[in-house]
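**Student:** Provided below: query.cif, containing mmCIF, C-alpha atoms.
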data_entry
loop_
_atom_site.label_atom_id
_atom_site.label_comp_id
_atom_site.auth_asym_id
_atom_site.auth_seq_id
_atom_site.Cartn_x
_atom_site.Cartn_y
_atom_site.Cartn_z
CA MET A 1 64.78 60.62 -123.45
CA ASN A 2 65.75 64.28 -123.98
CA ASN A 3 63.21 67.03 -124.56
CA ASP A 4 65.08 68.85 -127.33
CA THR A 5 63.00 70.27 -130.13
CA ILE A 6 64.12 68.32 -133.19
CA PHE A 7 63.44 68.54 -136.91
CA ALA A 8 64.06 66.44 -140.01
CA LEU A 9 63.01 65.99 -143.61
CA SER A 10 60.28 63.33 -143.62
CA SER A 11 59.85 63.18 -147.39
CA GLY A 12 62.43 61.93 -149.88
CA HIS A 13 65.69 63.71 -150.62
CA GLY A 14 66.31 65.44 -153.93
CA LYS A 15 64.27 67.76 -156.12
CA SER A 16 60.49 67.42 -155.64
CA GLY A 17 57.28 69.40 -155.83
CA VAL A 18 56.64 69.25 -152.09
CA ALA A 19 58.89 68.53 -149.12
CA VAL A 20 57.57 67.63 -145.66
CA ILE A 21 59.63 68.87 -142.73
CA ARG A 22 58.63 67.48 -139.35
CA ILE A 23 59.30 69.17 -135.99
CA SER A 24 58.84 67.46 -132.60
CA GLY A 25 59.04 69.01 -129.13
CA ASP A 26 57.17 70.21 -126.08
CA ASN A 27 54.86 73.23 -126.16
CA LEU A 28 55.17 74.15 -129.84
CA ARG A 29 52.00 76.25 -129.92
CA ASN A 30 53.86 79.56 -129.74
CA ILE A 31 56.25 78.55 -132.50
CA PHE A 32 53.38 77.45 -134.72
CA SER A 33 51.55 80.71 -133.99
CA LYS A 34 54.66 82.57 -135.13
CA PHE A 35 54.87 80.51 -138.34
CA ILE A 36 51.28 81.21 -139.41
CA ASN A 37 51.04 84.69 -137.84
CA LYS A 38 47.82 83.77 -136.02
CA SER A 39 47.14 83.65 -132.28
CA GLU A 40 44.21 81.24 -132.62
CA PHE A 41 44.30 78.02 -134.62
CA ALA A 42 42.95 74.48 -134.58
CA PRO A 43 45.08 71.32 -134.40
CA ARG A 44 45.13 69.09 -137.49
CA HIS A 45 44.12 71.95 -139.79
CA ALA A 46 46.34 73.10 -142.66
CA TYR A 47 47.25 76.80 -142.71
CA PHE A 48 48.79 78.62 -145.66
CA CYS A 49 51.60 80.86 -144.50
CA ASN A 50 54.52 83.01 -145.60
CA LEU A 51 57.45 81.51 -143.68
CA THR A 52 59.98 84.24 -142.91
CA ASP A 53 63.39 84.14 -141.27
CA THR A 54 64.55 86.17 -138.24
CA ALA A 55 65.28 89.17 -140.48
CA GLY A 56 61.74 89.06 -141.88
CA ASP A 57 62.83 87.85 -145.32
CA LEU A 58 60.56 85.33 -147.05
CA ILE A 59 61.89 81.76 -147.04
CA ASP A 60 58.94 80.08 -148.75
CA GLN A 61 55.17 79.94 -149.00
CA CYS A 62 54.05 76.70 -147.41
CA LEU A 63 51.34 74.77 -145.56
CA ALA A 64 51.72 74.29 -141.80
CA ILE A 65 49.90 71.74 -139.62
CA TYR A 66 49.96 71.49 -135.83
CA PHE A 67 49.44 68.18 -133.99
CA SER A 68 49.01 68.63 -130.24
CA ALA A 69 50.30 66.14 -127.68
CA PRO A 70 49.45 63.38 -127.08
CA HIS A 71 47.53 63.05 -130.36
CA SER A 72 50.53 62.81 -132.66
CA PHE A 73 52.96 60.26 -134.06
CA THR A 74 55.49 60.84 -131.27
CA GLY A 75 53.08 61.71 -128.46
CA THR A 76 54.72 65.16 -128.28
CA ASP A 77 53.65 68.33 -130.08
CA ILE A 78 54.46 68.07 -133.78
CA ILE A 79 54.54 70.66 -136.54
CA GLU A 80 54.63 69.71 -140.20
CA LEU A 81 55.79 72.22 -142.80
CA HIS A 82 54.89 71.37 -146.39
CA THR A 83 57.32 73.48 -148.39
CA HIS A 84 58.46 73.46 -151.99
CA GLY A 85 60.93 70.63 -152.55
CA ALA A 86 63.93 72.55 -153.86
CA PRO A 87 67.10 71.59 -151.94
CA ALA A 88 67.90 75.29 -151.42
CA THR A 89 64.46 75.86 -149.86
CA ILE A 90 64.85 72.88 -147.52
CA ASN A 91 68.30 74.04 -146.42
CA ALA A 92 67.01 77.58 -145.80
CA VAL A 93 64.20 76.21 -143.59
CA PHE A 94 66.69 74.05 -141.69
CA GLU A 95 68.97 77.02 -141.07
CA TYR A 96 66.02 79.05 -139.79
CA LEU A 97 64.85 76.30 -137.44
CA ALA A 98 68.38 76.02 -136.04
CA THR A 99 68.29 79.74 -135.16
CA LEU A 100 65.18 78.99 -133.07
CA GLY A 101 67.16 76.56 -130.89
CA MET A 102 66.10 73.38 -132.64
CA ARG A 103 68.46 70.64 -133.81
CA MET A 104 68.51 68.02 -136.56
CA ALA A 105 67.05 64.69 -135.43
CA THR A 106 69.18 61.56 -135.37
CA PRO A 107 68.03 58.51 -137.40
CA GLY A 108 64.92 56.98 -135.85
CA GLU A 109 64.62 59.65 -133.15
CA PHE A 110 60.98 60.45 -133.93
CA SER A 111 60.05 56.77 -133.57
CA ARG A 112 62.13 56.51 -130.40
CA ARG A 113 59.99 59.27 -128.89
CA ALA A 114 56.87 57.42 -130.01
CA PHE A 115 58.18 54.32 -128.25
CA TYR A 116 58.92 56.14 -124.99
CA ASN A 117 55.47 57.75 -125.11
CA ASN A 118 53.79 54.34 -125.59
CA LYS A 119 52.68 55.12 -129.13
CA MET A 120 54.36 51.99 -130.46
CA ASP A 121 56.46 49.07 -129.23
CA LEU A 122 59.63 47.66 -130.79
CA ALA A 123 57.69 45.12 -132.88
CA ASP A 124 55.73 48.03 -134.38
CA VAL A 125 59.02 49.83 -135.06
CA ASP A 126 60.35 46.76 -136.88
CA GLY A 127 57.19 46.79 -138.99
CA LEU A 128 57.64 50.48 -139.73
CA ALA A 129 61.23 49.87 -140.85
CA ALA A 130 60.05 47.07 -143.13
CA LEU A 131 57.34 49.35 -144.55
CA LEU A 132 59.85 52.10 -145.32
CA ASP A 133 62.00 49.53 -147.14
CA ALA A 134 59.07 48.00 -149.09
CA GLN A 135 59.63 47.82 -152.85
CA THR A 136 56.72 45.55 -153.82
CA ASP A 137 53.06 45.34 -152.93
CA ILE A 138 53.51 42.08 -150.99
CA GLN A 139 56.22 43.70 -148.88
CA ARG A 140 53.97 46.72 -148.25
CA LYS A 141 51.00 44.61 -147.12
CA HIS A 142 53.10 42.37 -144.87
CA ALA A 143 54.95 45.28 -143.24
CA LEU A 144 51.73 47.26 -142.75
CA LYS A 145 50.17 44.39 -140.77
CA SER A 146 53.25 44.29 -138.56
CA MET A 147 53.34 48.06 -138.06
CA LEU A 148 49.63 48.15 -137.15
CA GLY A 149 50.12 45.68 -134.29
CA ARG A 150 49.60 42.17 -135.70
CA ASP A 151 53.01 40.98 -134.48
CA SER A 152 52.73 42.88 -131.17
CA GLU A 153 49.44 41.15 -130.42
CA ILE A 154 51.00 37.71 -130.99
CA TYR A 155 54.07 38.50 -128.90
CA SER A 156 51.99 40.03 -126.10
CA THR A 157 49.75 36.96 -125.98
CA TRP A 158 52.76 34.66 -125.78
CA ARG A 159 54.40 36.73 -123.06
CA ASN A 160 51.24 36.97 -120.95
CA GLN A 161 50.82 33.20 -121.14
CA MET A 162 54.45 32.63 -120.11
CA VAL A 163 54.10 34.98 -117.14
CA GLU A 164 50.95 33.17 -116.06
CA ILE A 165 52.54 29.73 -116.47
CA SER A 166 55.59 30.84 -114.47
CA ALA A 167 53.33 32.16 -111.72
CA TYR A 168 51.39 28.88 -111.52
CA ALA A 169 54.64 26.87 -111.46
CA ALA A 170 55.88 28.95 -108.53
CA ALA A 171 52.51 28.64 -106.81
CA ILE A 172 52.72 24.84 -106.91
CA LEU A 173 55.68 25.14 -104.54
CA ASP A 174 53.93 27.51 -102.12
CA TYR A 175 50.31 26.34 -102.02
CA SER A 176 48.57 23.06 -101.36
CA SER A 177 46.89 21.27 -104.25
CA ASP A 178 43.47 22.14 -102.72
CA ASP A 179 44.19 25.86 -103.29
CA LEU A 180 45.14 25.44 -106.95
CA PRO A 181 43.16 24.52 -110.09
CA ALA A 182 42.77 20.79 -110.68
CA ASN A 183 45.58 19.10 -112.64
CA ILE A 184 47.52 22.40 -112.76
CA GLY A 185 50.84 20.62 -113.35
CA GLU A 186 49.59 18.82 -116.46
CA THR A 187 47.90 22.00 -117.65
CA ILE A 188 50.96 24.22 -117.52
CA HIS A 189 53.07 21.51 -119.17
CA ALA A 190 50.57 21.30 -122.04
CA ARG A 191 50.39 25.08 -122.38
CA THR A 192 54.20 25.37 -122.35
CA GLU A 193 54.52 22.70 -125.03
CA LYS A 194 51.95 24.54 -127.17
CA LEU A 195 53.91 27.79 -126.84
CA TYR A 196 57.14 25.97 -127.68
CA ASN A 197 55.58 24.59 -130.87
CA GLU A 198 54.13 27.96 -131.90
CA ILE A 199 57.47 29.73 -131.52
CA ASP A 200 59.29 26.87 -133.25
CA THR A 201 56.87 27.16 -136.19
CA ALA A 202 57.49 30.91 -136.36
CA LEU A 203 61.25 30.28 -136.47
CA ASN A 204 60.81 27.66 -139.18
CA ASN A 205 59.08 30.39 -141.21
CA TYR A 206 62.06 32.75 -140.79
CA ARG A 207 63.22 31.96 -144.31
CA THR A 208 59.84 33.09 -145.64
CA SER A 209 59.89 36.25 -143.55
CA ARG A 210 63.42 37.04 -144.71
CA ALA A 211 62.41 36.43 -148.32
CA ILE A 212 59.48 38.84 -148.01
CA ARG A 213 61.59 41.64 -146.61
CA GLY A 214 64.93 41.01 -148.32
CA GLY A 215 63.70 39.35 -151.48
CA ILE A 216 63.76 35.80 -152.88
CA ASN A 217 67.27 34.91 -154.05
CA VAL A 218 67.22 33.31 -157.51
CA ALA A 219 70.55 32.22 -159.00
CA LEU A 220 71.28 31.23 -162.60
CA VAL A 221 74.05 28.63 -162.51
CA GLY A 222 75.67 26.19 -164.91
CA GLU A 223 78.71 25.51 -167.01
CA THR A 224 80.22 28.16 -169.27
CA ASN A 225 78.47 29.08 -172.52
CA VAL A 226 75.11 27.44 -171.76
CA GLY A 227 73.16 30.70 -172.15
CA LYS A 228 72.76 31.84 -168.54
CA SER A 229 73.25 35.50 -169.47
CA SER A 230 70.68 35.27 -172.28
CA ILE A 231 68.10 33.91 -169.83
CA PHE A 232 69.09 36.60 -167.31
CA ASN A 233 68.55 39.34 -169.90
CA TYR A 234 65.21 37.80 -170.90
CA LEU A 235 63.93 37.87 -167.30
CA ALA A 236 65.39 41.32 -166.68
CA GLY A 237 63.81 42.71 -169.86
CA GLN A 238 67.09 44.44 -170.70
CA ASN A 239 70.65 43.67 -171.74
CA ARG A 240 72.36 43.76 -168.35
CA ALA A 241 74.67 40.78 -168.84
CA ILE A 242 77.18 40.37 -171.69
CA VAL A 243 76.24 37.60 -174.12
CA SER A 244 79.04 35.96 -176.11
CA ASP A 245 80.00 32.62 -177.63
CA ILE A 246 83.30 32.89 -175.78
CA ALA A 247 83.29 30.64 -172.71
CA GLY A 248 83.88 32.40 -169.40
CA THR A 249 82.46 35.79 -170.44
CA THR A 250 80.70 36.29 -167.10
CA ARG A 251 83.43 36.45 -164.44
CA ASP A 252 81.47 37.99 -161.57
CA VAL A 253 77.93 37.93 -160.22
CA VAL A 254 75.56 40.28 -162.09
CA SER A 255 72.38 41.03 -160.14
CA ILE A 256 69.07 42.82 -160.63
CA ASN A 257 65.90 43.23 -158.54
CA LEU A 258 62.62 42.17 -160.15
CA ASP A 259 58.99 42.34 -159.07
CA ILE A 260 57.29 39.03 -159.91
CA ASP A 261 53.66 38.77 -158.80
CA GLY A 262 54.34 41.30 -156.05
CA TYR A 263 57.38 39.48 -154.65
CA LEU A 264 60.85 41.02 -154.68
CA ILE A 265 63.23 38.78 -156.62
CA ASN A 266 67.01 39.11 -156.37
CA LEU A 267 68.08 37.56 -159.68
CA SER A 268 71.79 36.74 -160.11
CA ASP A 269 73.70 35.69 -163.21
CA THR A 270 76.82 33.83 -162.11
CA ALA A 271 80.17 32.84 -163.57
CA GLY A 272 80.18 29.54 -165.47
CA LEU A 273 81.33 26.53 -163.50
CA ARG A 274 84.47 24.93 -164.98
CA GLU A 275 88.10 24.17 -164.21
CA THR A 276 90.25 27.23 -164.94
CA ASP A 277 93.69 28.64 -164.22
CA ASP A 278 92.44 32.22 -164.65
CA LYS A 279 92.64 33.81 -161.19
CA ILE A 280 89.89 36.37 -161.86
CA GLU A 281 87.52 33.76 -163.28
CA SER A 282 88.31 31.49 -160.31
CA ILE A 283 87.17 34.23 -157.93
CA GLY A 284 83.93 34.50 -159.92
CA ILE A 285 83.40 30.74 -159.66
CA GLU A 286 83.88 30.87 -155.88
CA ARG A 287 81.24 33.61 -155.75
CA THR A 288 78.96 31.40 -157.83
CA LYS A 289 79.23 28.68 -155.20
CA SER A 290 78.32 31.23 -152.53
CA GLU A 291 75.28 32.34 -154.55
CA ILE A 292 74.13 28.71 -154.79
CA GLU A 293 74.39 28.30 -151.01
CA ASN A 294 72.33 31.45 -150.38
CA ALA A 295 69.77 30.88 -153.15
CA ASP A 296 66.12 30.17 -152.42
CA ILE A 297 65.71 29.01 -156.02
CA VAL A 298 68.49 27.71 -158.28
CA LEU A 299 67.95 27.83 -162.04
CA ARG A 300 70.43 25.21 -163.20
CA ILE A 301 71.13 25.65 -166.91
CA TYR A 302 72.53 23.01 -169.28
CA SER A 303 73.15 22.75 -172.99
CA PRO A 304 71.67 19.81 -174.96
CA SER A 305 75.15 18.32 -175.45
CA SER A 306 75.83 18.12 -171.71
CA SER A 307 75.24 14.85 -169.91
CA GLU A 308 75.41 16.51 -166.50
CA TRP A 309 71.70 17.39 -166.44
CA VAL A 310 70.69 13.72 -166.35
CA SER A 311 72.41 13.05 -163.03
CA GLN A 312 71.23 16.43 -161.68
CA MET A 313 67.65 15.57 -162.58
CA GLN A 314 67.93 12.27 -160.74
CA ARG A 315 69.19 14.03 -157.60
CA GLY A 316 65.98 16.08 -157.64
CA SER A 317 66.82 19.03 -155.37
CA SER A 318 63.55 20.64 -154.31
CA ASN A 319 64.71 24.24 -154.73
CA GLU A 320 66.05 23.77 -158.27
CA ILE A 321 64.55 24.11 -161.73
CA ILE A 322 66.52 22.17 -164.34
CA ILE A 323 66.63 23.85 -167.73
CA ILE A 324 68.08 22.68 -171.03
CA ASN A 325 68.72 25.78 -173.12
CA LYS A 326 69.47 26.20 -176.85
CA SER A 327 66.65 23.96 -178.03
CA ASP A 328 66.82 25.88 -181.33
CA LEU A 329 69.93 23.81 -182.15
CA LEU A 330 67.95 20.56 -181.97
CA SER A 331 65.78 18.78 -184.51
CA LYS A 332 62.15 17.95 -183.76
CA SER A 333 63.02 14.31 -183.09
CA GLU A 334 65.77 15.33 -180.70
CA LEU A 335 63.32 17.64 -178.91
CA CYS A 336 60.86 14.79 -178.50
CA THR A 337 63.64 12.62 -177.08
CA LEU A 338 64.48 15.31 -174.53
CA SER A 339 60.85 15.93 -173.59
CA SER A 340 60.31 15.32 -169.87
CA ALA A 341 58.20 16.59 -167.00
CA ASN A 342 61.29 16.79 -164.80
CA TYR A 343 63.06 19.56 -166.66
CA LEU A 344 62.36 22.33 -169.15
CA CYS A 345 63.63 22.52 -172.71
CA ILE A 346 63.83 26.14 -173.88
CA SER A 347 65.53 28.54 -176.24
CA ALA A 348 66.36 31.96 -174.83
CA LYS A 349 67.33 32.97 -178.37
CA THR A 350 63.98 32.20 -180.08
CA GLY A 351 61.72 32.38 -177.02
CA ASN A 352 60.58 28.78 -177.43
CA GLY A 353 59.46 27.37 -174.05
CA MET A 354 60.10 30.62 -172.19
CA ASP A 355 56.45 31.05 -171.18
CA LYS A 356 56.45 27.60 -169.62
CA PHE A 357 59.73 28.42 -167.89
CA THR A 358 58.47 31.70 -166.38
CA ASN A 359 55.27 29.95 -165.23
CA GLU A 360 57.38 27.28 -163.54
CA LEU A 361 59.45 29.97 -161.84
CA ARG A 362 56.28 31.71 -160.64
CA ALA A 363 54.93 28.42 -159.27
CA LYS A 364 58.16 27.83 -157.36
CA ILE A 365 58.02 31.36 -155.91
CA HIS A 366 54.43 30.88 -154.74
CA GLU A 367 55.35 27.48 -153.29
CA ILE A 368 58.11 29.04 -151.20
CA MET A 369 55.90 31.92 -150.08
CA ALA A 370 52.80 29.85 -149.27
CA GLY A 371 51.18 31.27 -146.11
CA ALA A 372 53.57 34.22 -146.12
CA GLU A 373 50.80 36.68 -145.29
CA ASN A 374 50.47 35.11 -141.83
CA THR A 375 54.17 35.02 -140.93
CA LEU A 376 55.69 37.30 -138.33
CA THR A 377 58.12 40.00 -139.46
CA ILE A 378 61.29 38.40 -138.12
CA ASN A 379 64.67 40.11 -138.42
CA ALA A 380 68.04 39.11 -136.95
CA ARG A 381 67.22 40.72 -133.58
CA THR A 382 63.82 39.11 -133.13
CA LYS A 383 65.08 35.75 -134.46
CA SER A 384 67.73 35.60 -131.75
CA LEU A 385 65.24 36.46 -129.01
CA LEU A 386 62.67 33.97 -130.31
CA GLU A 387 65.34 31.28 -130.26
CA SER A 388 66.12 32.18 -126.65
CA ALA A 389 62.43 32.01 -125.70
CA ARG A 390 61.98 28.66 -127.43
CA ASP A 391 65.10 27.20 -125.80
CA GLU A 392 64.03 28.42 -122.35
CA LEU A 393 60.63 26.77 -122.82
CA GLY A 394 62.39 23.58 -123.90
CA MET A 395 64.46 23.60 -120.70
CA ALA A 396 61.29 24.21 -118.67
CA LEU A 397 59.70 21.14 -120.21
CA SER A 398 62.86 19.13 -119.48
CA ALA A 399 62.57 20.08 -115.80
CA THR A 400 59.35 18.00 -115.62
CA ASP A 401 58.14 18.19 -111.99
CA ASN A 402 60.90 20.45 -110.68
CA TYR A 403 58.62 23.50 -110.65
CA ASP A 404 61.23 25.85 -109.21
CA ILE A 405 63.35 25.38 -112.34
CA PHE A 406 60.23 25.26 -114.51
CA ALA A 407 59.11 28.66 -113.22
CA GLU A 408 62.56 30.20 -113.76
CA HIS A 409 62.86 29.06 -117.38
CA THR A 410 59.36 30.19 -118.33
CA ARG A 411 60.09 33.56 -116.71
CA ARG A 412 63.25 33.88 -118.80
CA ALA A 413 61.25 33.00 -121.92
CA ALA A 414 58.81 35.79 -121.05
CA ASP A 415 61.75 38.18 -120.64
CA ALA A 416 63.02 37.28 -124.13
CA ILE A 417 59.63 38.08 -125.65
CA GLY A 418 59.53 41.25 -123.55
CA LYS A 419 62.77 42.35 -125.20
CA ILE A 420 61.14 41.91 -128.62
CA LEU A 421 58.38 44.28 -127.54
CA GLY A 422 60.71 46.63 -125.68
CA THR A 423 58.99 46.12 -122.32
CA ILE A 424 62.35 44.74 -121.16
CA THR A 425 65.24 46.20 -123.10
CA ALA A 426 68.77 47.52 -123.13
CA THR A 427 70.22 50.64 -124.69
CA GLU A 428 72.04 48.71 -127.42
CA VAL A 429 68.78 47.01 -128.45
CA LEU A 430 67.09 50.39 -128.81
CA ASP A 431 70.00 51.87 -130.74
CA LYS A 432 70.00 48.99 -133.22
CA THR A 433 66.23 49.02 -133.68
CA PHE A 434 65.76 52.76 -134.19
CA GLY A 435 69.00 53.15 -136.12
CA GLN A 436 67.48 51.27 -139.07
CA LEU A 437 65.01 54.13 -139.64
CA CYS A 438 65.49 57.34 -141.62
CA LEU A 439 65.83 60.83 -140.13
CA GLY A 440 62.14 61.77 -140.51
CA LYS A 441 61.00 58.70 -138.60
#
What does this structure look like when you write it as structure tokens?

**Tutor:**
Amino acid sequence: MNNDTIFALSSGHGKSGVAVIRISGDNLRNIFSKFINKSEFAPRHAYFCNLTDTAGDLIDQCLAIYFSAPHSFTGTDIIELHTHGAPATINAVFEYLATLGMRMATPGEFSRRAFYNNKMDLADVDGLAALLDAQTDIQRKHALKSMLGRDSEIYSTWRNQMVEISAYAAAILDYSSDDLPANIGETIHARTEKLYNEIDTALNNYRTSRAIRGGINVALVGETNVGKSSIFNYLAGQNRAIVSDIAGTTRDVVSINLDIDGYLINLSDTAGLRETDDKIESIGIERTKSEIENADIVLRIYSPSSSEWVSQMQRGSSNEIIIINKSDLLSKSELCTLSSANYLCISAKTGNGMDKFTNELRAKIHEIMAGAENTLTINARTKSLLESARDELGMALSATDNYDIFAEHTRRAADAIGKILGTITATEVLDKTFGQLCLGK
């Protein structure tokens, strides 16, 4: 890690009332003293100052706060300048800081310093990245738990147990049974199996973790002209998709992000499924099929005249809600005939049945996300390492009484968890982890 003095905008870009510019480096007391024009000052106190450039011209009136090492986010000295948020003001401050020998931070460089100074591990960094990306309250709460050490505690416990198990397995080879705890072989096998099951459960919850961070994918699918776009617009609360009686109006995937009960929903209106010679529409239909494959929930829409919904209902896919739209075209007797607990009969045009439909969608979302608050924050990096740890534990269990192999596989499992935490890591792992953060972090 280099000791350059770095700076970055920690608040959002664009016009704002206040901008927060963060500076990190060693021995920043003299620079802070220069900023506030005071020789004596207290850390963590806000000082009003006239920030001037090297020529003595006023850049801005701002608040300045000094955080002394190691009691700061990075573990180094940190200065925060709370300036006015005009882009011209921010640029002028940046130019001034550059004249003092400072440089612009790279993405995630502040957090990288915090990692090297033992202020956070890589699991905490993953939680921070998730928190910065949070768009809903559920995402915020889940990411905050991860950033504050919930995931790190679980990973550390697993790793410590693996190290201990590996040590006992090696000891069985070097010590007599009288020098070891009773039934140590059976004990470490049982403990290894328990760890295997815990990690396997965490991996089985990856879909839930992905849905929390990336959103729940909900796809509206069906034949042409069944009213998918009308339902999409109803859920979106705005006319985002074109509605027409002409079949094949929607030729591409139209998407919008929604907040439903605190969960991020990625709602997609797709091209109608039908045989067509239109090349553009065919591309849209292929994209529809891709949306179905990636969907957590499929809203399969039919018209009352279609017979397809009967066979679909009988197949009973667990992630689908079957909907018969355009009930306003039916008589009361026809509605009674169609009445069933296995599908919903609605009219996006009149609003009939839409409350029941949205309640059903909410129930399906909560079903998918049941227990989500206790899931680990798993991304592609941690998923791969968890799979490695689980597989190594599986091979240890397969070794049965060959404790030399048993010890080696449990050690490798511990190494995989160590890479999640950053206690064992490689440069490319660090670059990928910190690269997901913004400049001011």

**Student:** Would you mind reading off the distance between atom CA of A:Thr74 and atom CA of A:Pro43, one decimal, in Å?

**Tutor:** 15.1 Å

**Student:** If you apply the PyMOL selection byres ((chain A and resi 11-19) around 8) to this file, what residues do you get, as a list in words?

**Tutor:** Leu9, Ser10, Val20, Ile21, Leu81, His82, Thr83, His84, Gly85, Ala86, Pro87, Ile90 and Gly440 of chain A

**Student:** Under the PyMOL selection byres ((chain A and resi 119) around 10), which residues of this model are included? Write them out as a CSV table (one decimal) with C-alpha atoms, in the frame of the given file.

**Tutor:**
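For reference, expr-v6.csv as written:
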chain,number,residue,atom,x,y,z
A,70,PRO,CA,49.4,63.4,-127.1
A,71,HIS,CA,47.5,63.0,-130.4
A,72,SER,CA,50.5,62.8,-132.7
A,73,PHE,CA,53.0,60.3,-134.1
A,74,THR,CA,55.5,60.8,-131.3
A,75,GLY,CA,53.1,61.7,-128.5
A,111,SER,CA,60.0,56.8,-133.6
A,112,ARG,CA,62.1,56.5,-130.4
A,113,ARG,CA,60.0,59.3,-128.9
A,114,ALA,CA,56.9,57.4,-130.0
A,115,PHE,CA,58.2,54.3,-128.2
A,116,TYR,CA,58.9,56.1,-125.0
A,117,ASN,CA,55.5,57.8,-125.1
A,118,ASN,CA,53.8,54.3,-125.6
A,120,MET,CA,54.4,52.0,-130.5
A,121,ASP,CA,56.5,49.1,-129.2
A,124,ASP,CA,55.7,48.0,-134.4

**Student:** Quick one, how far is atom CA of A:Lys38 from atom CA of A:Ser24?

**Tutor:**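 Calculated distance between atom CA of A:Lys38 and atom CA of A:Ser24 is 20.0 Å.
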
**Student:** How would you write, as a list of chain:residue names, the residues chosen by the PyMOL selection byres ((chain A and resi 53) around 12) on this structure?

**Tutor:**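 When the PyMOL selection byres ((chain A and resi 53) around 12) is applied to the shown file, the picked residues are A:Lys34, A:Phe35, A:Asn50, A:Leu51, A:Thr52, A:Thr54, A:Ala55, A:Gly56, A:Asp57, A:Leu58, A:Ile59, A:Asp60, A:Thr89, A:Ala92, A:Val93, A:Phe94, A:Glu95, A:Tyr96, A:Leu97, A:Ala98, A:Thr99, A:Leu100.
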
**Student:** When you count only C-alpha atoms, which of these residues is closest to A:Ser398: A:His189, A:Lys326, A:Lys356, A:Arg213?

**Tutor:** A:His189

**Student:** Determine, counting all atoms listed in the file, which protein, DNA and RNA residues have an atom within 9 Å of an atom of A:Leu220; residues of the same chain fewer than 5 positions away are not included. Present the result as a PyMOL selection string.

**Tutor:** chain A and resi 228-229+231-232+267-270+292+297-301

**Student:** Mind writing the picked residues with C-alpha atoms as an mmCIF file, keeping the file's coordinate frame?

**Tutor:**
data_model
loop_
_atom_site.group_PDB
_atom_site.id
_atom_site.type_symbol
_atom_site.label_atom_id
_atom_site.label_comp_id
_atom_site.auth_asym_id
_atom_site.auth_seq_id
_atom_site.Cartn_x
_atom_site.Cartn_y
_atom_site.Cartn_z
ATOM 1 C CA LYS A 228 72.760 31.840 -168.540
ATOM 2 C CA SER A 229 73.250 35.500 -169.470
ATOM 3 C CA ILE A 231 68.100 33.910 -169.830
ATOM 4 C CA PHE A 232 69.090 36.600 -167.310
ATOM 5 C CA LEU A 267 68.080 37.560 -159.680
ATOM 6 C CA SER A 268 71.790 36.740 -160.110
ATOM 7 C CA ASP A 269 73.700 35.690 -163.210
ATOM 8 C CA THR A 270 76.820 33.830 -162.110
ATOM 9 C CA ILE A 292 74.130 28.710 -154.790
ATOM 10 C CA ILE A 297 65.710 29.010 -156.020
ATOM 11 C CA VAL A 298 68.490 27.710 -158.280
ATOM 12 C CA LEU A 299 67.950 27.830 -162.040
ATOM 13 C CA ARG A 300 70.430 25.210 -163.200
ATOM 14 C CA ILE A 301 71.130 25.650 -166.910
#

**Student:** Pick out the closest residue to A:Gln161 from this set: A:Ala190, A:Ala414, A:Ala46, A:Ala399. Count all atoms listed in the file.

**Tutor:**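 Selected residue with least distance to A:Gln161: A:Ala414.
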